[in-house]
Every structure is written in C-alpha cells, then in structure tokens.
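Note: the block below is model_6.txt and it holds compact mmCIF, N, CA and C atoms.
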# COMPACT_ATOMS: atom_id res chain seq x y z
N MET A 1 32.87 -12.26 6.11
CA MET A 1 33.15 -11.64 7.38
C MET A 1 31.86 -11.05 7.94
N PRO A 2 31.59 -11.28 9.23
CA PRO A 2 30.35 -10.76 9.79
C PRO A 2 30.37 -9.24 9.89
N ASP A 3 29.19 -8.66 9.93
CA ASP A 3 29.12 -7.22 10.06
C ASP A 3 28.92 -6.83 11.53
N ASP A 4 29.06 -5.54 11.82
CA ASP A 4 28.95 -5.04 13.19
C ASP A 4 27.56 -5.29 13.74
N LEU A 5 27.48 -5.44 15.06
CA LEU A 5 26.21 -5.66 15.75
C LEU A 5 25.79 -4.35 16.39
N VAL A 6 24.62 -3.86 16.03
CA VAL A 6 24.13 -2.58 16.54
C VAL A 6 23.14 -2.86 17.67
N VAL A 7 23.44 -2.29 18.85
CA VAL A 7 22.53 -2.38 19.99
C VAL A 7 21.81 -1.04 20.05
N PRO A 8 20.49 -1.01 19.86
CA PRO A 8 19.77 0.26 19.81
C PRO A 8 19.75 0.97 21.16
N PRO A 9 19.47 2.28 21.17
CA PRO A 9 19.41 3.02 22.43
C PRO A 9 18.26 2.54 23.30
N GLY A 10 18.42 2.76 24.60
CA GLY A 10 17.40 2.37 25.57
C GLY A 10 17.93 2.57 26.97
N PRO A 11 17.28 1.99 27.99
CA PRO A 11 17.74 2.15 29.36
C PRO A 11 19.16 1.63 29.52
N GLY A 12 20.03 2.45 30.08
CA GLY A 12 21.42 2.06 30.27
C GLY A 12 22.30 2.36 29.07
N LEU A 13 21.69 2.51 27.91
CA LEU A 13 22.43 2.86 26.67
C LEU A 13 21.70 4.00 25.98
N PRO A 14 21.82 5.22 26.49
CA PRO A 14 21.03 6.31 25.91
C PRO A 14 21.33 6.58 24.45
N SER A 15 22.56 6.35 24.02
CA SER A 15 22.87 6.61 22.61
C SER A 15 23.06 5.34 21.81
N GLY A 16 22.82 4.18 22.43
CA GLY A 16 23.04 2.91 21.75
C GLY A 16 24.52 2.64 21.62
N THR A 17 24.88 1.56 20.98
CA THR A 17 26.28 1.23 20.77
C THR A 17 26.42 0.27 19.61
N THR A 18 27.60 0.18 19.07
CA THR A 18 27.90 -0.74 17.99
C THR A 18 29.05 -1.64 18.43
N ILE A 19 28.83 -2.94 18.35
CA ILE A 19 29.88 -3.90 18.70
C ILE A 19 30.60 -4.25 17.40
N PRO A 20 31.91 -4.01 17.35
CA PRO A 20 32.64 -4.31 16.11
C PRO A 20 32.59 -5.79 15.76
N ALA A 21 32.63 -6.08 14.49
CA ALA A 21 32.55 -7.46 14.01
C ALA A 21 33.72 -8.30 14.53
N GLU A 22 34.86 -7.67 14.80
CA GLU A 22 36.03 -8.42 15.28
C GLU A 22 35.80 -9.02 16.66
N GLU A 23 34.86 -8.46 17.42
CA GLU A 23 34.59 -8.95 18.78
C GLU A 23 33.56 -10.08 18.79
N LEU A 24 32.98 -10.38 17.65
CA LEU A 24 31.96 -11.44 17.55
C LEU A 24 32.54 -12.65 16.85
N THR A 25 32.20 -13.82 17.33
CA THR A 25 32.59 -15.06 16.67
C THR A 25 31.32 -15.80 16.29
N GLU A 26 31.14 -16.06 15.01
CA GLU A 26 29.97 -16.78 14.53
C GLU A 26 30.41 -18.13 14.00
N ARG A 27 29.69 -19.16 14.42
CA ARG A 27 29.94 -20.51 13.90
C ARG A 27 28.66 -21.01 13.24
N PHE A 28 28.84 -21.48 12.03
CA PHE A 28 27.70 -21.99 11.27
C PHE A 28 27.87 -23.49 11.11
N SER A 29 26.78 -24.21 11.21
CA SER A 29 26.83 -25.66 10.95
C SER A 29 25.52 -26.07 10.29
N ARG A 30 25.60 -27.06 9.48
CA ARG A 30 24.41 -27.60 8.79
C ARG A 30 24.33 -29.09 9.04
N SER A 31 23.12 -29.56 9.19
CA SER A 31 22.91 -30.99 9.26
C SER A 31 21.93 -31.35 8.15
N SER A 32 22.28 -32.32 7.37
CA SER A 32 21.41 -32.67 6.25
C SER A 32 20.16 -33.37 6.76
N GLY A 33 19.15 -33.32 5.95
CA GLY A 33 17.89 -33.94 6.29
C GLY A 33 17.98 -35.45 6.22
N PRO A 34 16.87 -36.15 6.42
CA PRO A 34 16.89 -37.61 6.38
C PRO A 34 17.34 -38.11 5.01
N GLY A 35 18.26 -39.05 5.02
CA GLY A 35 18.74 -39.62 3.77
C GLY A 35 19.72 -38.71 3.04
N GLY A 36 20.28 -37.69 3.73
CA GLY A 36 21.26 -36.80 3.09
C GLY A 36 20.66 -35.99 1.97
N GLN A 37 19.48 -35.44 2.19
CA GLN A 37 18.78 -34.70 1.13
C GLN A 37 19.53 -33.43 0.76
N SER A 38 19.01 -32.74 -0.22
CA SER A 38 19.69 -31.57 -0.78
C SER A 38 19.77 -30.42 0.23
N VAL A 39 20.52 -29.39 -0.14
CA VAL A 39 20.76 -28.23 0.73
C VAL A 39 19.45 -27.53 1.09
N ASN A 40 18.46 -27.56 0.22
CA ASN A 40 17.20 -26.87 0.49
C ASN A 40 16.46 -27.43 1.69
N THR A 41 16.71 -28.66 2.06
CA THR A 41 15.99 -29.26 3.18
C THR A 41 16.90 -29.48 4.39
N THR A 42 18.02 -28.78 4.44
CA THR A 42 18.91 -28.95 5.58
C THR A 42 18.54 -27.99 6.69
N ASP A 43 18.89 -28.37 7.89
CA ASP A 43 18.70 -27.50 9.04
C ASP A 43 20.02 -26.84 9.36
N SER A 44 19.97 -25.57 9.69
CA SER A 44 21.20 -24.85 10.01
C SER A 44 21.19 -24.47 11.48
N ARG A 45 22.39 -24.26 11.98
CA ARG A 45 22.56 -23.87 13.37
C ARG A 45 23.61 -22.77 13.39
N VAL A 46 23.34 -21.72 14.15
CA VAL A 46 24.27 -20.61 14.27
C VAL A 46 24.58 -20.41 15.75
N GLU A 47 25.88 -20.40 16.06
CA GLU A 47 26.31 -20.10 17.42
C GLU A 47 27.08 -18.80 17.38
N LEU A 48 26.70 -17.88 18.25
CA LEU A 48 27.32 -16.57 18.30
C LEU A 48 28.00 -16.41 19.66
N LEU A 49 29.29 -16.08 19.64
CA LEU A 49 30.06 -15.89 20.87
C LEU A 49 30.50 -14.44 20.98
N PHE A 50 30.39 -13.90 22.20
CA PHE A 50 30.82 -12.53 22.46
C PHE A 50 31.40 -12.49 23.87
N ASP A 51 32.60 -11.93 23.99
CA ASP A 51 33.25 -11.80 25.29
C ASP A 51 33.17 -10.35 25.73
N PRO A 52 32.26 -10.04 26.66
CA PRO A 52 32.11 -8.64 27.07
C PRO A 52 33.34 -8.09 27.78
N ALA A 53 34.11 -8.95 28.46
CA ALA A 53 35.30 -8.49 29.18
C ALA A 53 36.35 -7.93 28.22
N ALA A 54 36.40 -8.42 27.00
CA ALA A 54 37.38 -7.97 26.02
C ALA A 54 36.82 -6.92 25.07
N SER A 55 35.60 -6.46 25.33
CA SER A 55 34.94 -5.54 24.42
C SER A 55 35.37 -4.10 24.67
N THR A 56 35.45 -3.34 23.60
CA THR A 56 35.74 -1.91 23.68
C THR A 56 34.51 -1.08 23.33
N ALA A 57 33.36 -1.74 23.13
CA ALA A 57 32.17 -1.04 22.67
C ALA A 57 31.43 -0.32 23.79
N PHE A 58 31.63 -0.73 25.03
CA PHE A 58 30.85 -0.17 26.14
C PHE A 58 31.71 0.74 26.99
N THR A 59 31.06 1.69 27.66
CA THR A 59 31.77 2.54 28.61
C THR A 59 32.06 1.74 29.87
N GLU A 60 32.92 2.28 30.71
CA GLU A 60 33.33 1.56 31.93
C GLU A 60 32.14 1.23 32.85
N PRO A 61 31.22 2.18 33.15
CA PRO A 61 30.07 1.82 34.00
C PRO A 61 29.16 0.76 33.36
N GLN A 62 28.96 0.87 32.04
CA GLN A 62 28.12 -0.11 31.35
C GLN A 62 28.79 -1.48 31.40
N LEU A 63 30.09 -1.52 31.19
CA LEU A 63 30.82 -2.79 31.22
C LEU A 63 30.78 -3.42 32.60
N ARG A 64 30.88 -2.61 33.65
CA ARG A 64 30.79 -3.14 35.02
C ARG A 64 29.43 -3.79 35.25
N ARG A 65 28.35 -3.11 34.81
CA ARG A 65 27.00 -3.68 34.98
C ARG A 65 26.84 -4.98 34.20
N ILE A 66 27.38 -5.01 32.98
CA ILE A 66 27.28 -6.22 32.16
C ILE A 66 28.02 -7.38 32.81
N LEU A 67 29.26 -7.12 33.26
CA LEU A 67 30.06 -8.19 33.86
C LEU A 67 29.46 -8.66 35.18
N LYS A 68 28.78 -7.77 35.89
CA LYS A 68 28.13 -8.15 37.15
C LYS A 68 26.89 -9.00 36.89
N ALA A 69 26.17 -8.69 35.81
CA ALA A 69 24.90 -9.38 35.53
C ALA A 69 25.08 -10.72 34.83
N LEU A 70 26.16 -10.88 34.06
CA LEU A 70 26.35 -12.10 33.28
C LEU A 70 27.36 -13.02 33.94
N PRO A 71 27.27 -14.32 33.69
CA PRO A 71 28.28 -15.24 34.22
C PRO A 71 29.64 -14.96 33.59
N PRO A 72 30.72 -15.31 34.28
CA PRO A 72 32.05 -15.03 33.71
C PRO A 72 32.29 -15.80 32.42
N GLY A 73 33.10 -15.20 31.56
CA GLY A 73 33.42 -15.85 30.28
C GLY A 73 32.59 -15.29 29.16
N PRO A 74 32.81 -15.83 27.96
CA PRO A 74 32.06 -15.33 26.80
C PRO A 74 30.59 -15.74 26.87
N VAL A 75 29.77 -14.89 26.26
CA VAL A 75 28.34 -15.16 26.16
C VAL A 75 28.12 -15.95 24.88
N SER A 76 27.43 -17.09 25.00
CA SER A 76 27.16 -17.94 23.85
C SER A 76 25.66 -17.98 23.59
N VAL A 77 25.28 -17.70 22.35
CA VAL A 77 23.87 -17.72 21.96
C VAL A 77 23.76 -18.62 20.74
N THR A 78 22.77 -19.52 20.77
CA THR A 78 22.57 -20.46 19.66
C THR A 78 21.17 -20.30 19.10
N ALA A 79 21.05 -20.36 17.80
CA ALA A 79 19.75 -20.33 17.14
C ALA A 79 19.72 -21.44 16.10
N SER A 80 18.69 -22.26 16.15
CA SER A 80 18.58 -23.34 15.17
C SER A 80 17.13 -23.64 14.81
N GLU A 81 16.23 -22.71 15.09
CA GLU A 81 14.82 -23.01 14.83
C GLU A 81 14.38 -22.75 13.39
N HIS A 82 15.20 -22.05 12.61
CA HIS A 82 14.86 -21.79 11.21
C HIS A 82 15.74 -22.65 10.31
N ARG A 83 15.27 -22.90 9.11
CA ARG A 83 16.08 -23.65 8.16
C ARG A 83 17.16 -22.77 7.53
N SER A 84 16.89 -21.50 7.43
CA SER A 84 17.82 -20.58 6.77
C SER A 84 18.92 -20.14 7.74
N GLN A 85 20.17 -20.17 7.27
CA GLN A 85 21.26 -19.69 8.13
C GLN A 85 21.14 -18.20 8.40
N LEU A 86 20.69 -17.44 7.44
CA LEU A 86 20.54 -16.01 7.63
C LEU A 86 19.51 -15.71 8.72
N ARG A 87 18.38 -16.41 8.68
CA ARG A 87 17.35 -16.20 9.71
C ARG A 87 17.86 -16.63 11.08
N ASN A 88 18.60 -17.74 11.15
CA ASN A 88 19.17 -18.17 12.43
C ASN A 88 20.23 -17.18 12.91
N ARG A 89 21.00 -16.64 11.98
CA ARG A 89 22.01 -15.65 12.35
C ARG A 89 21.34 -14.41 12.94
N ASN A 90 20.30 -13.95 12.29
CA ASN A 90 19.57 -12.78 12.79
C ASN A 90 18.92 -13.06 14.14
N ALA A 91 18.38 -14.28 14.32
CA ALA A 91 17.77 -14.64 15.60
C ALA A 91 18.82 -14.68 16.71
N ALA A 92 20.01 -15.22 16.43
CA ALA A 92 21.07 -15.27 17.43
C ALA A 92 21.52 -13.86 17.79
N ARG A 93 21.65 -13.00 16.79
CA ARG A 93 22.05 -11.62 17.06
C ARG A 93 20.99 -10.89 17.89
N ASP A 94 19.72 -11.12 17.57
CA ASP A 94 18.64 -10.49 18.35
C ASP A 94 18.67 -10.96 19.80
N ARG A 95 18.93 -12.24 20.02
CA ARG A 95 19.01 -12.77 21.39
C ARG A 95 20.19 -12.16 22.15
N LEU A 96 21.33 -12.03 21.46
CA LEU A 96 22.49 -11.44 22.11
C LEU A 96 22.22 -9.98 22.47
N VAL A 97 21.57 -9.24 21.59
CA VAL A 97 21.20 -7.86 21.87
C VAL A 97 20.28 -7.81 23.08
N ALA A 98 19.30 -8.71 23.16
CA ALA A 98 18.37 -8.72 24.29
C ALA A 98 19.11 -9.02 25.60
N ILE A 99 20.05 -9.96 25.57
CA ILE A 99 20.82 -10.30 26.77
C ILE A 99 21.64 -9.09 27.22
N LEU A 100 22.29 -8.43 26.27
CA LEU A 100 23.11 -7.26 26.61
C LEU A 100 22.26 -6.10 27.11
N ARG A 101 21.10 -5.89 26.50
CA ARG A 101 20.21 -4.79 26.93
C ARG A 101 19.74 -5.04 28.36
N GLU A 102 19.39 -6.28 28.66
CA GLU A 102 18.94 -6.61 30.01
C GLU A 102 20.07 -6.44 31.02
N ALA A 103 21.28 -6.82 30.63
CA ALA A 103 22.42 -6.74 31.55
C ALA A 103 22.86 -5.30 31.79
N VAL A 104 22.76 -4.44 30.79
CA VAL A 104 23.25 -3.07 30.92
C VAL A 104 22.20 -2.13 31.51
N ALA A 105 20.95 -2.54 31.51
CA ALA A 105 19.88 -1.69 32.03
C ALA A 105 20.07 -1.49 33.54
N PRO A 106 19.86 -0.27 34.01
CA PRO A 106 20.00 -0.04 35.45
C PRO A 106 18.90 -0.78 36.21
N PRO A 107 19.17 -1.13 37.47
CA PRO A 107 18.15 -1.83 38.25
C PRO A 107 16.95 -0.93 38.47
N PRO A 108 15.77 -1.52 38.63
CA PRO A 108 14.58 -0.69 38.86
C PRO A 108 14.71 0.03 40.20
N PRO A 109 14.08 1.19 40.33
CA PRO A 109 14.17 1.91 41.60
C PRO A 109 13.49 1.10 42.71
N PRO A 110 14.01 1.20 43.93
CA PRO A 110 13.39 0.44 45.02
C PRO A 110 12.00 0.98 45.33
N ARG A 111 11.14 0.08 45.71
CA ARG A 111 9.77 0.49 46.05
C ARG A 111 9.75 1.01 47.47
N ARG A 112 9.13 2.14 47.64
CA ARG A 112 8.97 2.68 48.98
C ARG A 112 7.76 2.03 49.63
N PRO A 113 7.87 1.69 50.90
CA PRO A 113 6.68 1.14 51.56
C PRO A 113 5.60 2.22 51.64
N THR A 114 4.39 1.81 51.37
CA THR A 114 3.29 2.77 51.39
C THR A 114 2.60 2.72 52.75
N LYS A 115 2.14 3.87 53.16
CA LYS A 115 1.44 3.96 54.44
C LYS A 115 -0.01 3.57 54.20
N PRO A 116 -0.56 2.71 55.06
CA PRO A 116 -1.96 2.32 54.84
C PRO A 116 -2.90 3.51 55.01
N SER A 117 -3.94 3.53 54.21
CA SER A 117 -4.90 4.63 54.29
C SER A 117 -5.79 4.43 55.52
N LYS A 118 -6.49 5.49 55.90
CA LYS A 118 -7.40 5.42 57.06
C LYS A 118 -8.49 4.39 56.82
N ALA A 119 -9.00 4.35 55.59
CA ALA A 119 -10.08 3.40 55.28
C ALA A 119 -9.59 1.97 55.41
N SER A 120 -8.36 1.67 54.92
CA SER A 120 -7.87 0.30 55.03
C SER A 120 -7.58 -0.06 56.48
N GLN A 121 -7.13 0.91 57.29
CA GLN A 121 -6.92 0.65 58.71
C GLN A 121 -8.25 0.31 59.39
N ARG A 122 -9.31 1.09 59.06
CA ARG A 122 -10.64 0.81 59.63
C ARG A 122 -11.14 -0.58 59.24
N ARG A 123 -10.96 -0.93 57.95
CA ARG A 123 -11.39 -2.26 57.49
C ARG A 123 -10.65 -3.36 58.24
N ARG A 124 -9.36 -3.16 58.47
CA ARG A 124 -8.56 -4.15 59.17
C ARG A 124 -9.05 -4.32 60.61
N VAL A 125 -9.37 -3.20 61.29
CA VAL A 125 -9.86 -3.25 62.67
C VAL A 125 -11.23 -3.94 62.70
N GLU A 126 -12.09 -3.61 61.73
CA GLU A 126 -13.42 -4.24 61.67
C GLU A 126 -13.31 -5.74 61.43
N ALA A 127 -12.41 -6.16 60.55
CA ALA A 127 -12.24 -7.59 60.28
C ALA A 127 -11.73 -8.30 61.52
N LYS A 128 -10.86 -7.65 62.27
CA LYS A 128 -10.33 -8.25 63.50
C LYS A 128 -11.44 -8.41 64.53
N LYS A 129 -12.31 -7.41 64.63
CA LYS A 129 -13.46 -7.50 65.56
C LYS A 129 -14.38 -8.65 65.16
N GLN A 130 -14.63 -8.76 63.84
CA GLN A 130 -15.50 -9.83 63.33
C GLN A 130 -14.93 -11.19 63.71
N ARG A 131 -13.63 -11.38 63.52
CA ARG A 131 -13.00 -12.66 63.84
C ARG A 131 -13.13 -12.96 65.33
N GLY A 132 -12.93 -11.91 66.15
CA GLY A 132 -13.06 -12.10 67.60
C GLY A 132 -14.47 -12.51 67.98
N GLN A 133 -15.48 -11.86 67.39
CA GLN A 133 -16.87 -12.20 67.69
C GLN A 133 -17.21 -13.61 67.23
N THR A 134 -16.67 -14.00 66.08
CA THR A 134 -16.93 -15.35 65.56
C THR A 134 -16.33 -16.39 66.52
N LYS A 135 -15.13 -16.13 67.01
CA LYS A 135 -14.50 -17.07 67.96
C LYS A 135 -15.32 -17.18 69.23
N GLN A 136 -15.86 -16.03 69.71
CA GLN A 136 -16.68 -16.06 70.92
C GLN A 136 -17.94 -16.89 70.69
N LEU A 137 -18.59 -16.70 69.54
CA LEU A 137 -19.81 -17.44 69.23
C LEU A 137 -19.50 -18.94 69.13
N ARG A 138 -18.39 -19.30 68.51
CA ARG A 138 -18.02 -20.71 68.39
C ARG A 138 -17.81 -21.32 69.78
N GLY A 139 -17.16 -20.55 70.64
CA GLY A 139 -16.92 -21.05 72.00
C GLY A 139 -18.22 -21.27 72.75
N ARG A 140 -19.21 -20.40 72.56
CA ARG A 140 -20.50 -20.55 73.24
C ARG A 140 -21.27 -21.74 72.71
N VAL A 141 -21.23 -21.92 71.37
CA VAL A 141 -21.98 -23.03 70.78
C VAL A 141 -21.38 -24.36 71.20
N THR A 142 -20.07 -24.48 71.14
CA THR A 142 -19.47 -25.75 71.49
C THR A 142 -19.46 -25.98 73.01
N GLY A 143 -19.57 -24.90 73.80
CA GLY A 143 -19.56 -25.05 75.26
C GLY A 143 -20.88 -25.56 75.79
N ASP A 144 -21.99 -25.44 75.08
CA ASP A 144 -23.31 -25.87 75.59
C ASP A 144 -23.48 -27.36 75.56
How does this structure look as structure tokens?
Amino acid sequence: MPDDLVVPPGPGLPSGTTIPAEELTERFSRSSGPGGQSVNTTDSRVELLFDPAASTAFTEPQLRRILKALPPGPVSVTASEHRSQLRNRNAARDRLVAILREAVAPPPPPRRPTKPSKASQRRRVEAKKQRGQTKQLRGRVTGD
C-alpha cells in the first residue's frame, strides 16, 4: 500500500499538507529488456493518478485555485526514466508535488506601471531630435 504524499510548506500552503494514500492511485509496469533478460535489466514505469476534486487534503480556497489552474479530471504523472521502480515512484511523486505547488500558489502581484524618470524623458526627446535632423539631412542630400 502506498504511503501518504507530503507537500511541503510554501506559497499558498503556509503549513504544507499531507495527501492521504487512499487518494493516490499508483500503477507500476515493467518491460523486460531485449531478449527477455532478467529483472535487473528491466525498465520500470510508474503512473501516479490524483483527483484534486475528490481530495480532502486542501482547504476550500486552495482547492478552488487548484481546480482553476489544472485541467478537469484526475492529474496523471508518469515517470520512466530510471530502471528502479522506487526511483520512478519518487520522481512521479516529486512531479505531482511540483504541479500541485504551482497550481496552489497565489498569482504574482500585478506590476504597476512605472513613471519615466526625467533623465529618460530627456534622452527620448534628444533621440527624437536626432532622428528629425537625420531625416532633414537625408532630404537635402537626395534633393541635390
């Protein structure tokens, strides 16, 4: 039986949270190597499913943010880059934690427009004058 998934504290989760093992579905599969070699040379694949809509681990505001940020339905994460099932399981759990952390984090504060400084306004006016003078010179040269 899988163990609980711990999401550490951070933005949107000040005290962190623990997702009960009953809310996670893990599927393990192995594919043997070329020629049906022994278990030591097999590749493993771990698929982790979590349905945030049915979860009791998050508070109502956190759950609203998660459901708004993620597509509807269960979240599916797959890991198959390691040969060990344990390492793939840990990688899938880490990816699911990252997805949930990103979804529950509050949006960044909006950027306020900055007022241009006096120096940048002067530079802008000077550059505009330069362009105007260049256009005048081009007109004189081509007009002769």
I need the residues of range 12-122 of chain A that end up classed as alpha helix (DSSP H) by DSSP on the backbone, written out as a CSV table (one decimal) with N, CA and C atoms, keeping the file's coordinate frame.
chain,number,residue,atom,x,y,z
A,60,GLU,N,32.9,2.3,30.7
A,60,GLU,CA,33.3,1.6,31.9
A,60,GLU,C,32.1,1.2,32.8
A,61,PRO,N,31.2,2.2,33.2
A,61,PRO,CA,30.1,1.8,34.0
A,61,PRO,C,29.2,0.8,33.4
A,62,GLN,N,29.0,0.9,32.0
A,62,GLN,CA,28.1,-0.1,31.4
A,62,GLN,C,28.8,-1.5,31.4
A,63,LEU,N,30.1,-1.5,31.2
A,63,LEU,CA,30.8,-2.8,31.2
A,63,LEU,C,30.8,-3.4,32.6
A,64,ARG,N,30.9,-2.6,33.6
A,64,ARG,CA,30.8,-3.1,35.0
A,64,ARG,C,29.4,-3.8,35.2
A,65,ARG,N,28.4,-3.1,34.8
A,65,ARG,CA,27.0,-3.7,35.0
A,65,ARG,C,26.8,-5.0,34.2
A,66,ILE,N,27.4,-5.0,33.0
A,66,ILE,CA,27.3,-6.2,32.2
A,66,ILE,C,28.0,-7.4,32.8
A,67,LEU,N,29.3,-7.1,33.3
A,67,LEU,CA,30.1,-8.2,33.9
A,67,LEU,C,29.5,-8.7,35.2
A,68,LYS,N,28.8,-7.8,35.9
A,68,LYS,CA,28.1,-8.2,37.2
A,68,LYS,C,26.9,-9.0,36.9
A,69,ALA,N,26.2,-8.7,35.8
A,69,ALA,CA,24.9,-9.4,35.5
A,69,ALA,C,25.1,-10.7,34.8
A,85,GLN,N,20.2,-20.2,7.3
A,85,GLN,CA,21.3,-19.7,8.1
A,85,GLN,C,21.1,-18.2,8.4
A,86,LEU,N,20.7,-17.4,7.4
A,86,LEU,CA,20.5,-16.0,7.6
A,86,LEU,C,19.5,-15.7,8.7
A,87,ARG,N,18.4,-16.4,8.7
A,87,ARG,CA,17.4,-16.2,9.7
A,87,ARG,C,17.9,-16.6,11.1
A,88,ASN,N,18.6,-17.7,11.2
A,88,ASN,CA,19.2,-18.2,12.4
A,88,ASN,C,20.2,-17.2,12.9
A,89,ARG,N,21.0,-16.6,12.0
A,89,ARG,CA,22.0,-15.6,12.4
A,89,ARG,C,21.3,-14.4,12.9
A,90,ASN,N,20.3,-14.0,12.3
A,90,ASN,CA,19.6,-12.8,12.8
A,90,ASN,C,18.9,-13.1,14.1
A,91,ALA,N,18.4,-14.3,14.3
A,91,ALA,CA,17.8,-14.6,15.6
A,91,ALA,C,18.8,-14.7,16.7
A,92,ALA,N,20.0,-15.2,16.4
A,92,ALA,CA,21.1,-15.3,17.4
A,92,ALA,C,21.5,-13.9,17.8
A,93,ARG,N,21.6,-13.0,16.8
A,93,ARG,CA,22.0,-11.6,17.1
A,93,ARG,C,21.0,-10.9,17.9
A,94,ASP,N,19.7,-11.1,17.6
A,94,ASP,CA,18.6,-10.5,18.4
A,94,ASP,C,18.7,-11.0,19.8
A,95,ARG,N,18.9,-12.2,20.0
A,95,ARG,CA,19.0,-12.8,21.4
A,95,ARG,C,20.2,-12.2,22.2
A,96,LEU,N,21.3,-12.0,21.5
A,96,LEU,CA,22.5,-11.4,22.1
A,96,LEU,C,22.2,-10.0,22.5
A,97,VAL,N,21.6,-9.2,21.6
A,97,VAL,CA,21.2,-7.9,21.9
A,97,VAL,C,20.3,-7.8,23.1
A,98,ALA,N,19.3,-8.7,23.2
A,98,ALA,CA,18.4,-8.7,24.3
A,98,ALA,C,19.1,-9.0,25.6
A,99,ILE,N,20.0,-10.0,25.6
A,99,ILE,CA,20.8,-10.3,26.8
A,99,ILE,C,21.6,-9.1,27.2
A,100,LEU,N,22.3,-8.4,26.3
A,100,LEU,CA,23.1,-7.3,26.6
A,100,LEU,C,22.3,-6.1,27.1
A,101,ARG,N,21.1,-5.9,26.5
A,101,ARG,CA,20.2,-4.8,26.9
A,101,ARG,C,19.7,-5.0,28.4
A,102,GLU,N,19.4,-6.3,28.7
A,102,GLU,CA,18.9,-6.6,30.0
A,102,GLU,C,20.1,-6.4,31.0
A,103,ALA,N,21.3,-6.8,30.6
A,103,ALA,CA,22.4,-6.7,31.6
A,103,ALA,C,22.9,-5.3,31.8
A,104,VAL,N,22.8,-4.4,30.8
A,104,VAL,CA,23.2,-3.1,30.9
A,104,VAL,C,22.2,-2.1,31.5
A,118,LYS,N,-6.5,5.5,55.9
A,118,LYS,CA,-7.4,5.4,57.1
A,118,LYS,C,-8.5,4.4,56.8
A,119,ALA,N,-9.0,4.4,55.6
A,119,ALA,CA,-10.1,3.4,55.3
A,119,ALA,C,-9.6,2.0,55.4
A,120,SER,N,-8.4,1.7,54.9
A,120,SER,CA,-7.9,0.3,55.0
A,120,SER,C,-7.6,-0.1,56.5
A,121,GLN,N,-7.1,0.9,57.3
A,121,GLN,CA,-6.9,0.6,58.7
A,121,GLN,C,-8.2,0.3,59.4
A,122,ARG,N,-9.3,1.1,59.1
A,122,ARG,CA,-10.6,0.8,59.6
A,122,ARG,C,-11.1,-0.6,59.2
Could you pull the residues within 6 Å of range 3-16 of chain A, counting only C-alpha atoms, minus those fewer than 6 positions along the same chain, as a list in words?
->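 What passes the distance filter is Val97, Val104, Ala105 and Pro106 of chain A.
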Dump N, CA and C atoms for the selected residues as an mmCIF file, keeping the file's coordinate frame?
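In the end it all went to again_13.cif:
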data_model
loop_
_atom_site.group_PDB
_atom_site.id
_atom_site.type_symbol
_atom_site.label_atom_id
_atom_site.label_comp_id
_atom_site.auth_asym_id
_atom_site.auth_seq_id
_atom_site.Cartn_x
_atom_site.Cartn_y
_atom_site.Cartn_z
ATOM 1 N N VAL A 97 21.570 -9.240 21.590
ATOM 2 C CA VAL A 97 21.200 -7.860 21.870
ATOM 3 C C VAL A 97 20.280 -7.810 23.080
ATOM 4 N N VAL A 104 22.760 -4.440 30.790
ATOM 5 C CA VAL A 104 23.250 -3.070 30.920
ATOM 6 C C VAL A 104 22.200 -2.130 31.510
ATOM 7 N N ALA A 105 20.950 -2.540 31.510
ATOM 8 C CA ALA A 105 19.880 -1.690 32.030
ATOM 9 C C ALA A 105 20.070 -1.490 33.540
ATOM 10 N N PRO A 106 19.860 -0.270 34.010
ATOM 11 C CA PRO A 106 20.000 -0.040 35.450
ATOM 12 C C PRO A 106 18.900 -0.780 36.210
#
DSSP on the backbone: what in range 37-90 of chain A comes out strand (DSSP E), as a ChimeraX atom specification?
-> /A:43-50,75-79
Nearest to Ala54 in chain A, chosen from A:Gly132, A:Ala69, A:Ser84, A:Glu23, with all atoms listed in the file counted in the distances =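 Using all atoms listed in the file, Ala54 in chain A sits closest to A:Glu23.
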Work out how far apart atom C of Arg27 in chain A and atom C of Asp94 in chain A are and give it in Å to one decimal.
->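 The value is 15.6 Å.
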Quick one: distance from atom C of Ala21 in chain A to atom C of Leu48 in chain A in Å, one decimal?
->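 We find that atom C of Ala21 in chain A and atom C of Leu48 in chain A lie 11.2 Å from each other.
Of the listed residues A:Thr18, A:Ser120, A:Thr114, A:Ser44, the one whose atoms come nearest to Arg30 in chain A is A:Ser44, with distances taken using all atoms listed in the file.
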May I have the residues within 10 Å of Thr78 in chain A as JSON, numbers by chain, using only C-alpha atoms and disregarding those fewer than 6 positions away in the same chain?
-> {"A": [26, 27, 28, 45, 46, 47, 48, 49, 88, 89, 91, 92, 93, 95, 96]}
Between atom C of Glu102 in chain A and atom C of Leu70 in chain A, what is the distance, to one decimal in Å?
-> 10.2 Å
Using only C-alpha atoms, which of the listed residues (A:Lys68, A:Asp51, A:Val77, A:Ala57) sits closest to Asn90 in chain A?
->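 Residue with the minimum atom-to-atom distance to Asn90 in chain A: A:Val77.
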What are the centre and edge lengths in Å, to one decimal, of the axis-aligned box around all listed atoms of range 119-136 of chain A with 6 Å added on each side, as AutoDock Vina command-line options?
--center_x -12.4 --center_y -6.4 --center_z 62.9 --size_x 23.0 --size_y 33.5 --size_z 28.0
